[in-house]
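Listing of input_15.tsv; format and content: TSV, C-alpha atoms.
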chain	number	residue	atom	x	y	z
X	1	MET	CA	114.23	-144.05	-11.51
X	2	ASP	CA	111.60	-145.82	-9.45
X	3	ILE	CA	112.31	-149.56	-9.25
X	4	LYS	CA	109.42	-151.62	-7.91
X	5	GLN	CA	109.79	-155.10	-6.44
X	6	GLN	CA	107.26	-157.96	-6.51
X	7	PHE	CA	105.06	-155.86	-8.77
X	8	SER	CA	101.71	-156.89	-10.30
X	9	LEU	CA	101.41	-156.60	-14.08
X	10	LYS	CA	97.60	-156.63	-14.08
X	11	ALA	CA	97.41	-153.00	-15.24
X	12	TYR	CA	100.13	-153.55	-17.84
X	13	ASN	CA	98.50	-156.27	-19.98
X	14	THR	CA	95.20	-155.89	-21.80
X	15	PHE	CA	94.00	-159.36	-20.76
X	16	GLY	CA	94.09	-158.07	-17.18
X	17	ILE	CA	96.00	-161.12	-15.92
X	18	ASP	CA	97.28	-160.65	-12.37
X	19	VAL	CA	100.83	-162.04	-12.37
X	20	MET	CA	103.93	-160.79	-10.59
X	21	THR	CA	107.39	-159.74	-11.72
X	22	PRO	CA	110.37	-159.57	-9.32
X	23	PHE	CA	111.46	-156.12	-10.57
X	24	PHE	CA	109.61	-153.46	-12.61
X	25	ILE	CA	110.68	-150.09	-13.99
X	26	SER	CA	109.02	-147.62	-16.38
X	27	VAL	CA	111.46	-145.61	-18.50
X	28	THR	CA	110.68	-142.25	-20.13
X	29	SER	CA	113.88	-141.56	-22.08
X	30	GLU	CA	116.59	-143.39	-24.01
X	31	ASN	CA	119.09	-142.60	-21.26
X	32	GLU	CA	116.83	-144.15	-18.63
X	33	LEU	CA	116.39	-147.20	-20.87
X	34	LYS	CA	120.17	-147.60	-21.25
X	35	GLU	CA	120.60	-147.22	-17.49
X	36	ALA	CA	117.96	-149.87	-16.80
X	37	LEU	CA	119.45	-152.29	-19.33
X	38	SER	CA	122.83	-151.95	-17.64
X	39	MET	CA	121.49	-152.79	-14.16
X	40	SER	CA	122.03	-156.28	-12.79
X	41	GLU	CA	118.42	-156.34	-11.56
X	42	PHE	CA	117.19	-156.03	-15.14
X	43	LYS	CA	119.34	-158.62	-16.82
X	44	ASP	CA	117.21	-160.58	-19.35
X	45	ALA	CA	114.29	-158.22	-18.74
X	46	LEU	CA	111.00	-158.56	-20.58
X	47	VAL	CA	110.43	-155.25	-22.38
X	48	ILE	CA	106.77	-154.27	-22.75
X	49	GLY	CA	104.77	-151.41	-24.24
X	50	GLY	CA	100.98	-151.31	-24.13
X	51	GLY	CA	100.72	-154.97	-23.12
X	52	SER	CA	98.26	-155.70	-25.91
X	53	ASN	CA	100.12	-158.48	-27.65
X	54	MET	CA	100.87	-160.91	-24.87
X	55	LEU	CA	99.30	-163.55	-22.68
X	56	LEU	CA	100.88	-164.03	-19.26
X	57	THR	CA	100.35	-167.60	-18.07
X	58	LYS	CA	102.33	-167.49	-14.80
X	59	ASP	CA	104.31	-165.26	-12.44
X	60	LEU	CA	107.47	-164.13	-14.18
X	61	ASP	CA	110.93	-165.09	-13.00
X	62	ARG	CA	112.38	-162.18	-14.97
X	63	PRO	CA	112.21	-158.39	-14.51
X	64	VAL	CA	110.11	-156.06	-16.67
X	65	ILE	CA	111.03	-152.78	-18.35
X	66	HIS	CA	108.05	-150.70	-19.46
X	67	ILE	CA	108.66	-148.32	-22.38
X	68	ALA	CA	107.01	-144.94	-21.70
X	69	LEU	CA	108.86	-142.64	-24.13
X	70	LYS	CA	106.49	-139.97	-25.49
X	71	GLY	CA	106.46	-137.46	-28.33
X	72	MET	CA	105.77	-136.97	-32.08
X	73	GLU	CA	107.90	-134.79	-34.33
X	74	ARG	CA	107.98	-134.05	-38.07
X	75	GLN	CA	111.39	-134.65	-39.60
X	76	ASN	CA	113.22	-132.18	-41.84
X	77	ILE	CA	114.51	-134.83	-44.24
X	78	PRO	CA	113.52	-133.84	-47.81
X	79	MET	CA	110.83	-136.07	-49.28
X	80	GLY	CA	108.48	-135.95	-52.27
X	81	ASP	CA	105.96	-133.14	-52.66
X	82	ASN	CA	103.26	-135.39	-51.24
X	83	GLU	CA	105.18	-136.97	-48.34
X	84	ILE	CA	106.55	-136.20	-44.91
X	85	LEU	CA	108.33	-138.19	-42.22
X	86	LEU	CA	106.86	-138.29	-38.72
X	87	LYS	CA	108.97	-139.66	-35.86
X	88	VAL	CA	106.92	-141.16	-33.04
X	89	GLN	CA	108.30	-142.30	-29.69
X	90	GLY	CA	107.81	-145.93	-28.74
X	91	GLY	CA	105.63	-145.27	-25.68
X	92	GLU	CA	102.94	-143.42	-27.63
X	93	ASN	CA	99.59	-145.17	-27.81
X	94	TRP	CA	99.03	-146.44	-31.35
X	95	HIS	CA	95.47	-145.13	-31.72
X	96	THR	CA	96.48	-141.72	-30.34
X	97	PHE	CA	99.12	-141.56	-33.07
X	98	VAL	CA	96.59	-142.55	-35.76
X	99	MET	CA	94.15	-139.88	-34.56
X	100	TYR	CA	96.92	-137.27	-34.70
X	101	CYS	CA	97.53	-138.23	-38.33
X	102	VAL	CA	93.85	-138.11	-39.28
X	103	GLN	CA	93.35	-134.74	-37.58
X	104	ASN	CA	96.41	-133.30	-39.35
X	105	ASN	CA	95.56	-134.72	-42.79
X	106	LEU	CA	98.45	-137.18	-42.83
X	107	GLY	CA	97.48	-140.26	-44.80
X	108	GLY	CA	98.48	-143.90	-44.60
X	109	VAL	CA	97.43	-145.21	-41.18
X	110	GLU	CA	93.69	-144.44	-41.11
X	111	ASN	CA	92.83	-148.11	-41.80
X	112	LEU	CA	94.80	-149.02	-38.68
X	113	SER	CA	92.55	-147.06	-36.32
X	114	LEU	CA	91.73	-148.47	-32.88
X	115	ILE	CA	94.39	-151.20	-32.91
X	116	PRO	CA	95.44	-151.69	-29.27
X	117	GLY	CA	99.03	-151.28	-28.13
X	118	ASN	CA	101.90	-148.82	-28.45
X	119	VAL	CA	103.95	-147.58	-31.39
X	120	GLY	CA	107.23	-149.16	-30.29
X	121	THR	CA	105.94	-152.72	-30.46
X	122	ALA	CA	104.04	-152.27	-33.75
X	123	PRO	CA	106.99	-153.12	-36.06
X	124	ILE	CA	107.79	-156.33	-34.22
X	125	GLN	CA	104.78	-158.12	-35.63
X	126	ASN	CA	104.10	-155.78	-38.56
X	127	ILE	CA	100.60	-154.96	-37.32
X	128	GLY	CA	97.88	-154.69	-39.92
X	129	ALA	CA	94.15	-154.39	-40.55
X	130	TYR	CA	91.71	-153.77	-43.39
X	131	GLY	CA	94.22	-154.18	-46.21
X	132	VAL	CA	97.03	-152.08	-44.70
X	133	GLU	CA	100.15	-153.19	-42.82
X	134	LEU	CA	102.69	-151.19	-40.86
X	135	LYS	CA	105.34	-151.90	-43.51
X	136	ASP	CA	103.28	-149.85	-46.00
X	137	VAL	CA	104.02	-146.63	-44.06
X	138	PHE	CA	107.25	-147.59	-42.30
X	139	TYR	CA	110.42	-145.58	-43.01
X	140	SER	CA	112.75	-146.51	-40.16
X	141	CYS	CA	112.99	-147.26	-36.44
X	142	ASN	CA	115.54	-146.28	-33.81
X	143	THR	CA	116.71	-149.02	-31.49
X	144	ILE	CA	119.09	-149.75	-28.64
X	145	HIS	CA	120.98	-153.03	-28.45
X	146	ARG	CA	120.21	-154.75	-25.17
X	147	GLU	CA	123.76	-155.91	-24.49
X	148	SER	CA	126.08	-153.31	-26.01
X	149	LEU	CA	123.65	-150.37	-25.54
X	150	GLU	CA	124.64	-149.18	-29.02
X	151	GLU	CA	122.04	-147.26	-31.02
X	152	ARG	CA	121.05	-148.55	-34.46
X	153	VAL	CA	118.63	-147.36	-37.12
X	154	PHE	CA	116.72	-150.03	-39.06
X	155	LEU	CA	115.40	-149.06	-42.50
X	156	LEU	CA	112.48	-150.76	-44.23
X	157	GLU	CA	114.59	-153.35	-46.03
X	158	ASP	CA	116.44	-154.20	-42.80
X	159	CYS	CA	113.29	-155.28	-40.99
X	160	LYS	CA	112.36	-158.24	-43.23
X	161	PHE	CA	108.66	-157.62	-42.77
X	162	GLY	CA	106.23	-160.45	-43.50
X	163	TYR	CA	102.67	-161.24	-42.53
X	164	ARG	CA	102.61	-160.43	-38.78
X	165	ASP	CA	106.34	-160.95	-38.84
X	166	SER	CA	109.67	-159.11	-38.82
X	167	ILE	CA	113.34	-159.62	-38.12
X	168	PHE	CA	112.59	-158.59	-34.52
X	169	LYS	CA	110.48	-161.73	-34.07
X	170	ASN	CA	113.06	-164.05	-35.58
X	171	LYS	CA	116.79	-163.50	-36.22
X	172	LEU	CA	117.05	-160.51	-33.86
X	173	LYS	CA	114.44	-161.53	-31.29
X	174	ASP	CA	115.07	-159.92	-27.88
X	175	GLN	CA	118.28	-158.27	-29.10
X	176	TYR	CA	117.02	-154.72	-29.68
X	177	VAL	CA	114.54	-152.38	-28.00
X	178	ILE	CA	112.65	-150.10	-30.39
X	179	THR	CA	112.64	-146.57	-28.97
X	180	SER	CA	110.92	-144.73	-31.85
X	181	VAL	CA	109.41	-145.33	-35.28
X	182	THR	CA	109.52	-142.95	-38.26
X	183	PHE	CA	106.58	-143.13	-40.66
X	184	LYS	CA	106.31	-141.97	-44.27
X	185	LEU	CA	102.89	-140.35	-44.67
X	186	THR	CA	101.09	-138.51	-47.46
X	187	THR	CA	100.10	-134.85	-47.08
X	188	THR	CA	97.78	-133.89	-49.96
X	189	VAL	CA	96.93	-136.71	-52.39
X	190	HIS	CA	96.03	-139.79	-50.38
X	191	THR	CA	95.52	-143.42	-51.37
X	192	ILE	CA	92.13	-144.27	-49.87
X	193	ARG	CA	91.73	-148.01	-49.20
X	194	THR	CA	88.09	-149.09	-48.90
X	195	ASP	CA	88.31	-152.47	-50.65
X	196	TYR	CA	88.94	-154.68	-47.61
X	197	GLY	CA	86.43	-156.01	-45.12
X	198	ALA	CA	83.31	-154.00	-44.40
X	199	ILE	CA	84.73	-150.50	-45.02
X	200	TYR	CA	83.10	-150.05	-48.43
X	201	ASP	CA	79.67	-151.19	-47.22
X	202	THR	CA	79.90	-149.01	-44.10
X	203	LEU	CA	80.71	-145.92	-46.19
X	204	LYS	CA	77.95	-146.79	-48.67
X	205	THR	CA	75.43	-146.99	-45.82
X	206	LYS	CA	76.56	-143.55	-44.71
X	207	ASN	CA	76.21	-142.29	-48.33
X	208	ILE	CA	79.87	-141.25	-48.57
X	209	PRO	CA	81.00	-141.83	-52.18
X	210	ALA	CA	84.28	-139.89	-51.88
X	211	PRO	CA	85.62	-140.61	-48.40
X	212	THR	CA	88.26	-138.57	-46.59
X	213	LEU	CA	90.88	-139.93	-44.20
X	214	LYS	CA	88.51	-139.22	-41.32
X	215	ASP	CA	85.65	-141.00	-43.08
X	216	VAL	CA	87.74	-144.14	-43.48
X	217	SER	CA	89.00	-143.93	-39.89
X	218	ASP	CA	85.46	-143.42	-38.57
X	219	ALA	CA	84.25	-146.42	-40.58
X	220	VAL	CA	87.03	-148.63	-39.23
X	221	ILE	CA	86.32	-147.48	-35.68
X	222	GLN	CA	82.61	-148.20	-36.14
X	223	ILE	CA	83.34	-151.67	-37.51
X	224	ARG	CA	85.86	-152.52	-34.80
X	225	ASN	CA	83.58	-151.24	-32.03
X	226	SER	CA	80.74	-153.38	-33.37
X	227	LYS	CA	82.86	-156.53	-33.20
X	228	LEU	CA	85.70	-156.06	-30.75
X	229	PRO	CA	85.44	-155.55	-26.98
X	230	ASP	CA	87.10	-152.62	-25.23
X	231	PRO	CA	90.05	-154.07	-23.23
X	232	SER	CA	89.33	-151.63	-20.40
X	233	LYS	CA	85.92	-153.27	-19.97
X	234	LEU	CA	86.58	-156.85	-21.05
X	235	GLY	CA	90.11	-158.26	-21.00
X	236	ASN	CA	91.43	-159.23	-24.43
X	237	SER	CA	94.37	-158.69	-26.78
X	238	GLY	CA	92.43	-158.12	-29.99
X	239	SER	CA	93.00	-160.79	-32.63
X	240	PHE	CA	94.46	-163.80	-30.85
X	241	PHE	CA	95.30	-165.87	-33.93
X	242	LYS	CA	96.87	-165.07	-37.29
X	243	ASN	CA	94.82	-165.64	-40.43
X	244	PRO	CA	96.30	-168.74	-42.10
X	245	VAL	CA	97.78	-168.30	-45.58
X	246	ILE	CA	97.41	-171.37	-47.81
X	247	ASP	CA	98.22	-172.28	-51.39
X	248	GLN	CA	95.66	-172.23	-54.18
X	249	HIS	CA	95.33	-176.03	-54.36
X	250	THR	CA	94.59	-176.37	-50.63
X	251	PHE	CA	92.01	-173.61	-50.90
X	252	THR	CA	90.34	-175.18	-53.94
X	253	VAL	CA	89.98	-178.47	-52.06
X	254	LEU	CA	88.55	-176.69	-49.01
X	255	ARG	CA	86.08	-174.77	-51.15
X	256	THR	CA	84.56	-177.95	-52.54
X	257	THR	CA	83.30	-178.69	-49.02
X	258	TYR	CA	82.88	-175.14	-47.66
X	259	LYS	CA	81.49	-173.15	-50.58
X	260	ASP	CA	80.88	-170.03	-48.44
X	261	ILE	CA	84.45	-169.80	-47.13
X	262	PRO	CA	85.66	-166.17	-47.26
X	263	TYR	CA	89.11	-165.51	-48.69
X	264	TYR	CA	91.59	-162.85	-49.76
X	265	PRO	CA	94.07	-163.58	-52.59
X	266	ILE	CA	97.73	-162.79	-51.90
X	267	GLY	CA	99.84	-162.81	-55.02
X	268	SER	CA	99.33	-165.48	-57.66
X	269	ASP	CA	99.18	-168.65	-55.59
X	270	GLN	CA	98.38	-167.81	-51.98
X	271	ILE	CA	95.07	-167.29	-50.22
X	272	LYS	CA	94.43	-165.77	-46.81
X	273	VAL	CA	91.52	-167.35	-44.93
X	274	PRO	CA	89.96	-165.52	-41.93
X	275	ALA	CA	90.81	-167.43	-38.76
X	276	GLY	CA	87.69	-165.97	-37.12
X	277	TRP	CA	85.49	-167.73	-39.68
X	278	LEU	CA	87.30	-171.04	-39.08
X	279	ILE	CA	86.89	-170.71	-35.31
X	280	GLU	CA	83.21	-169.80	-35.64
X	281	LYS	CA	82.54	-172.78	-37.94
X	282	ALA	CA	84.33	-175.00	-35.44
X	283	GLY	CA	81.66	-173.99	-32.92
X	284	PHE	CA	83.51	-171.69	-30.54
X	285	LYS	CA	81.98	-168.26	-31.17
X	286	GLY	CA	80.43	-166.98	-27.94
X	287	LYS	CA	81.50	-170.04	-25.95
X	288	ARG	CA	82.59	-169.53	-22.35
X	289	TYR	CA	84.59	-171.85	-20.12
X	290	GLY	CA	84.57	-170.36	-16.65
X	291	ASP	CA	85.93	-166.83	-17.05
X	292	ALA	CA	87.80	-167.65	-20.28
X	293	GLY	CA	85.82	-167.34	-23.47
X	294	VAL	CA	85.46	-166.50	-27.15
X	295	HIS	CA	83.81	-163.19	-27.93
X	296	ASP	CA	80.23	-163.46	-29.14
X	297	LYS	CA	80.70	-160.93	-31.97
X	298	GLN	CA	84.17	-161.89	-33.22
X	299	ALA	CA	85.47	-165.43	-32.81
X	300	LEU	CA	89.04	-164.30	-33.39
X	301	VAL	CA	89.05	-162.60	-29.98
X	302	LEU	CA	89.61	-164.55	-26.77
X	303	VAL	CA	88.41	-162.77	-23.65
X	304	ASN	CA	88.85	-162.72	-19.89
X	305	TYR	CA	85.50	-162.22	-18.19
X	306	GLY	CA	87.25	-161.14	-15.02
X	307	GLY	CA	88.84	-163.99	-13.14
X	308	ALA	CA	90.45	-166.18	-15.79
X	309	SER	CA	94.09	-167.09	-15.41
X	310	GLY	CA	96.50	-166.96	-18.31
X	311	LYS	CA	96.73	-170.74	-18.18
X	312	GLU	CA	92.96	-171.05	-18.63
X	313	ILE	CA	92.95	-168.73	-21.65
X	314	TRP	CA	95.89	-170.59	-23.16
X	315	ALA	CA	94.13	-173.93	-22.60
X	316	LEU	CA	91.15	-172.55	-24.53
X	317	ALA	CA	93.44	-171.40	-27.33
X	318	LEU	CA	94.96	-174.88	-27.62
X	319	ARG	CA	91.48	-176.40	-27.67
X	320	ILE	CA	90.50	-174.10	-30.54
X	321	GLN	CA	93.68	-174.89	-32.47
X	322	LYS	CA	93.01	-178.61	-32.18
X	323	ALA	CA	89.39	-178.26	-33.31
X	324	VAL	CA	90.27	-176.14	-36.36
X	325	GLN	CA	93.01	-178.57	-37.34
X	326	SER	CA	90.61	-181.50	-37.02
X	327	LYS	CA	87.78	-179.86	-38.99
X	328	PHE	CA	89.68	-178.05	-41.74
X	329	GLY	CA	93.18	-179.53	-41.74
X	330	LEU	CA	94.55	-176.02	-41.18
X	331	THR	CA	96.91	-174.80	-38.46
X	332	ILE	CA	96.16	-171.46	-36.85
X	333	THR	CA	98.96	-169.92	-34.83
X	334	PRO	CA	98.81	-167.28	-32.07
X	335	GLU	CA	99.40	-163.67	-33.00
X	336	VAL	CA	100.08	-162.84	-29.34
X	337	ASN	CA	103.25	-163.73	-27.44
X	338	ILE	CA	102.84	-166.37	-24.75
X	339	PHE	CA	104.80	-166.04	-21.50
Let me see the structure of the file written as structure tokens.
Amino acid sequence: MDIKQQFSLKAYNTFGIDVMTPFFISVTSENELKEALSMSEFKDALVIGGGSNMLLTKDLDRPVIHIALKGMERQNIPMGDNEILLKVQGGENWHTFVMYCVQNNLGGVENLSLIPGNVGTAPIQNIGAYGVELKDVFYSCNTIHRESLEERVFLLEDCKFGYRDSIFKNKLKDQYVITSVTFKLTTTVHTIRTDYGAIYDTLKTKNIPAPTLKDVSDAVIQIRNSKLPDPSKLGNSGSFFKNPVIDQHTFTVLRTTYKDIPYYPIGSDQIKVPAGWLIEKAGFKGKRYGDAGVHDKQALVLVNYGGASGKEIWALALRIQKAVQSKFGLTITPEVNIF
């Protein structure tokens, strides 16, 4: 294994922040991961995948292990007539995995097209978009305990998934490394979700009344490309903040003042409000402060125009939080991890 010292992480985070780590290693197998975790140089290592869900605000005083395990394999576990299990290694790019599913008529993840990052980190925050969350297609994940190096399989009920949340973000934070994820996907009769966001309108414009998996994926890609910058061209981590979930009473009070506020009901007494709308109404859409800014097409996305430091982007995030709290009385919290 190739251990690098005083290594820049600029190419390993989608914000493109140039910070250093004392030791860096990229592992391509479970055995290499176990070996790295057992090394004294990698004690308390930060484990990363695609680097899409983090903001680095300073040089790290801890080592980094990069997960680069690759491969996708159908499992022989008997399922229903309309279902299969697909095991995907943690180092696979998420969008590459989604495209594999669409091309092979495997349904369930098409609404999650073009989300940045890798498969292995997806369960940690229960990624989601356009009415679908990872938990909807999750079957299990294989993990390695960081201290004991013991392997453990987590099933759906073990993961305690919530909105952008899981047991891996709370009770078991930094205790396990996810090496692979097994998905339960449909093979013939698919549940097509077009009722969230702009998918329905996009398909209607294209005159597609009975969309296929590819049609939905193409629509999502078109929508995301129209609003979200490509991290390879403009540093960002996708959605920076979670959408706040509030109770019905709080929403009713808000709506008396902001009659055009968009919303999505969750259950009988909770409402999800788009954080991007709140940020835009607070006056930040398209604003730039040096090389740190808010994207001009989607206020939920903070961007690095080239030379911003992580501290500058984080200062902007705090400024936005304060403004939204002052204007709406709502707290928006980061979806990304801050280091």
*Within 8 Å of range 32-42 of chain X, counting all atoms listed in the file, which residues show up once you throw out same-chain ones fewer than 4 positions away? Write them as a PyMOL selection string, please.*
chain X and resi 1+23+25+27-28+62-65+67+144+146-147+149
*asked:* Need to verify the contact set: Thr121 in chain X, 12 Å, only C-alpha atoms, exclusion of same-chain residues closer than 3 positions in sequence. Can you return it as a VMD selection string?
replied: chain X and resid 47 to 54 66 to 68 88 to 94 115 to 118 124 to 127 134 141 143 164 to 166 168 to 169 174 176 to 181 336 to 337
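Of note, CA of Ile84 in chain X and CA of Arg193 in chain X are spaced 19.4 Å apart.
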*Could you please determine the separation between CA of Pro123 in chain X and CA of Asn304 in chain X in Å, to one decimal place?*
26.1 Å
*Between CA of Pro244 in chain X and CA of Ala275 in chain X - distance in Å to one decimal*: 6.6 Å
How big is the axis-aligned box, and where does its centre sit, when it encloses all atoms of range 159-172 of chain X listed in the file and has 4 Å added on every side, reported in Å to one decimal as JSON?
{"center_x": 109.8, "center_y": -159.7, "center_z": -38.7, "size_x": 22.4, "size_y": 16.8, "size_z": 17.6}
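Among the candidates X:Val189, X:Val301, X:Ile313, X:Val102, the one nearest to Asn82 in chain X when counting only C-alpha atoms is X:Val189.
Counting all atoms listed in the file, range 227-237 of chain X has the following residues at most 6 Å away, ignoring those fewer than 2 positions along the same chain: Thr14, Phe15, Gly16, Ser52, Asn53, Arg224, Asn225, Lys297, Gln298, Val303 and Asn304 of chain X.
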With 8 Å as the cut-off and all atoms listed in the file counted, what is the closest atom pair between each nearby residue of range 126-205 of chain X and range 209-223 of chain X? Distances in Å to one decimal, ordered by chain and number, as a tab-separated table.
residue	atom	partner	partner_atom	distance
X:Ile192	CA	X:Leu213	CA	7.2
X:Arg193	CA	X:Val216	CA	8.0
X:Thr194	CA	X:Val216	CA	7.3
X:Ala198	CA	X:Ile223	CA	7.3
X:Ile199	CA	X:Ala219	CA	6.0
X:Thr202	CA	X:Ala219	CA	6.2
X:Leu203	CA	X:Ala219	CA	6.7
X:Lys204	CA	X:Pro209	CA	6.8
Could the residues in this selection be saved with C-alpha atoms as a CSV table (one decimal), keeping the file's coordinate frame?
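Result file is selection29.csv:
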chain,number,residue,atom,x,y,z
X,192,ILE,CA,92.1,-144.3,-49.9
X,193,ARG,CA,91.7,-148.0,-49.2
X,194,THR,CA,88.1,-149.1,-48.9
X,198,ALA,CA,83.3,-154.0,-44.4
X,199,ILE,CA,84.7,-150.5,-45.0
X,202,THR,CA,79.9,-149.0,-44.1
X,203,LEU,CA,80.7,-145.9,-46.2
X,204,LYS,CA,78.0,-146.8,-48.7
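Of the listed residues (X:Thr191, X:Tyr200, X:Lys87, X:Phe328), X:Phe328 comes nearest to Val253 in chain X; the distances count all atoms listed in the file.
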_Taking 3 positions as the minimum chain separation for residues in the same chain, which residues sit within 9 Å of Glu83 in chain X when counting only C-alpha atoms? Answer as a ChimeraX atom specification._
/X:78-80,106,184-188
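Shortest atom-to-atom contact with Cys159 in chain X among X:Ile261, X:Leu278, X:Leu172, X:Val324: X:Leu172, counting only C-alpha atoms.
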*Rank X:Arg319, X:Lys10, X:Lys43, X:Lys281 by their smallest atom-to-atom distance to Asp59 in chain X, using all atoms listed in the file, and report the top residue only.*
X:Lys10
Starting from the incomplete input, reconstruct N, CA, C and O atoms of range 271-282 of chain X and report them as a tab-separated table (two decimals), keeping the file's coordinate frame.
chain	number	residue	atom	x	y	z
X	271	ILE	N	96.39	-167.75	-50.66
X	271	ILE	CA	95.07	-167.29	-50.22
X	271	ILE	C	95.08	-167.14	-48.71
X	271	ILE	O	95.51	-168.04	-47.99
X	272	LYS	N	94.59	-165.98	-48.25
X	272	LYS	CA	94.43	-165.77	-46.81
X	272	LYS	C	92.99	-166.11	-46.42
X	272	LYS	O	92.05	-165.61	-47.04
X	273	VAL	N	92.85	-166.94	-45.41
X	273	VAL	CA	91.52	-167.35	-44.93
X	273	VAL	C	91.31	-166.77	-43.53
X	273	VAL	O	92.18	-166.90	-42.67
X	274	PRO	N	90.19	-166.11	-43.26
X	274	PRO	CA	89.96	-165.52	-41.93
X	274	PRO	C	89.90	-166.59	-40.83
X	274	PRO	O	89.04	-167.47	-40.85
X	275	ALA	N	90.80	-166.48	-39.87
X	275	ALA	CA	90.81	-167.43	-38.76
X	275	ALA	C	89.53	-167.34	-37.95
X	275	ALA	O	89.05	-168.34	-37.41
X	276	GLY	N	88.94	-166.12	-37.86
X	276	GLY	CA	87.69	-165.97	-37.12
X	276	GLY	C	86.57	-166.82	-37.70
X	276	GLY	O	85.76	-167.40	-36.96
X	277	TRP	N	86.51	-166.90	-39.02
X	277	TRP	CA	85.49	-167.73	-39.68
X	277	TRP	C	85.72	-169.21	-39.35
X	277	TRP	O	84.76	-169.94	-39.07
X	278	LEU	N	86.98	-169.65	-39.40
X	278	LEU	CA	87.30	-171.04	-39.08
X	278	LEU	C	86.90	-171.38	-37.65
X	278	LEU	O	86.32	-172.45	-37.39
X	279	ILE	N	87.21	-170.48	-36.72
X	279	ILE	CA	86.89	-170.71	-35.31
X	279	ILE	C	85.39	-170.74	-35.09
X	279	ILE	O	84.86	-171.59	-34.35
X	280	GLU	N	84.68	-169.83	-35.76
X	280	GLU	CA	83.21	-169.80	-35.64
X	280	GLU	C	82.61	-171.09	-36.18
X	280	GLU	O	81.72	-171.68	-35.55
X	281	LYS	N	83.06	-171.55	-37.34
X	281	LYS	CA	82.54	-172.78	-37.94
X	281	LYS	C	82.89	-174.01	-37.12
X	281	LYS	O	82.20	-175.03	-37.18
X	282	ALA	N	83.96	-173.89	-36.32
X	282	ALA	CA	84.33	-175.00	-35.44
X	282	ALA	C	83.50	-175.00	-34.16
X	282	ALA	O	83.67	-175.88	-33.30
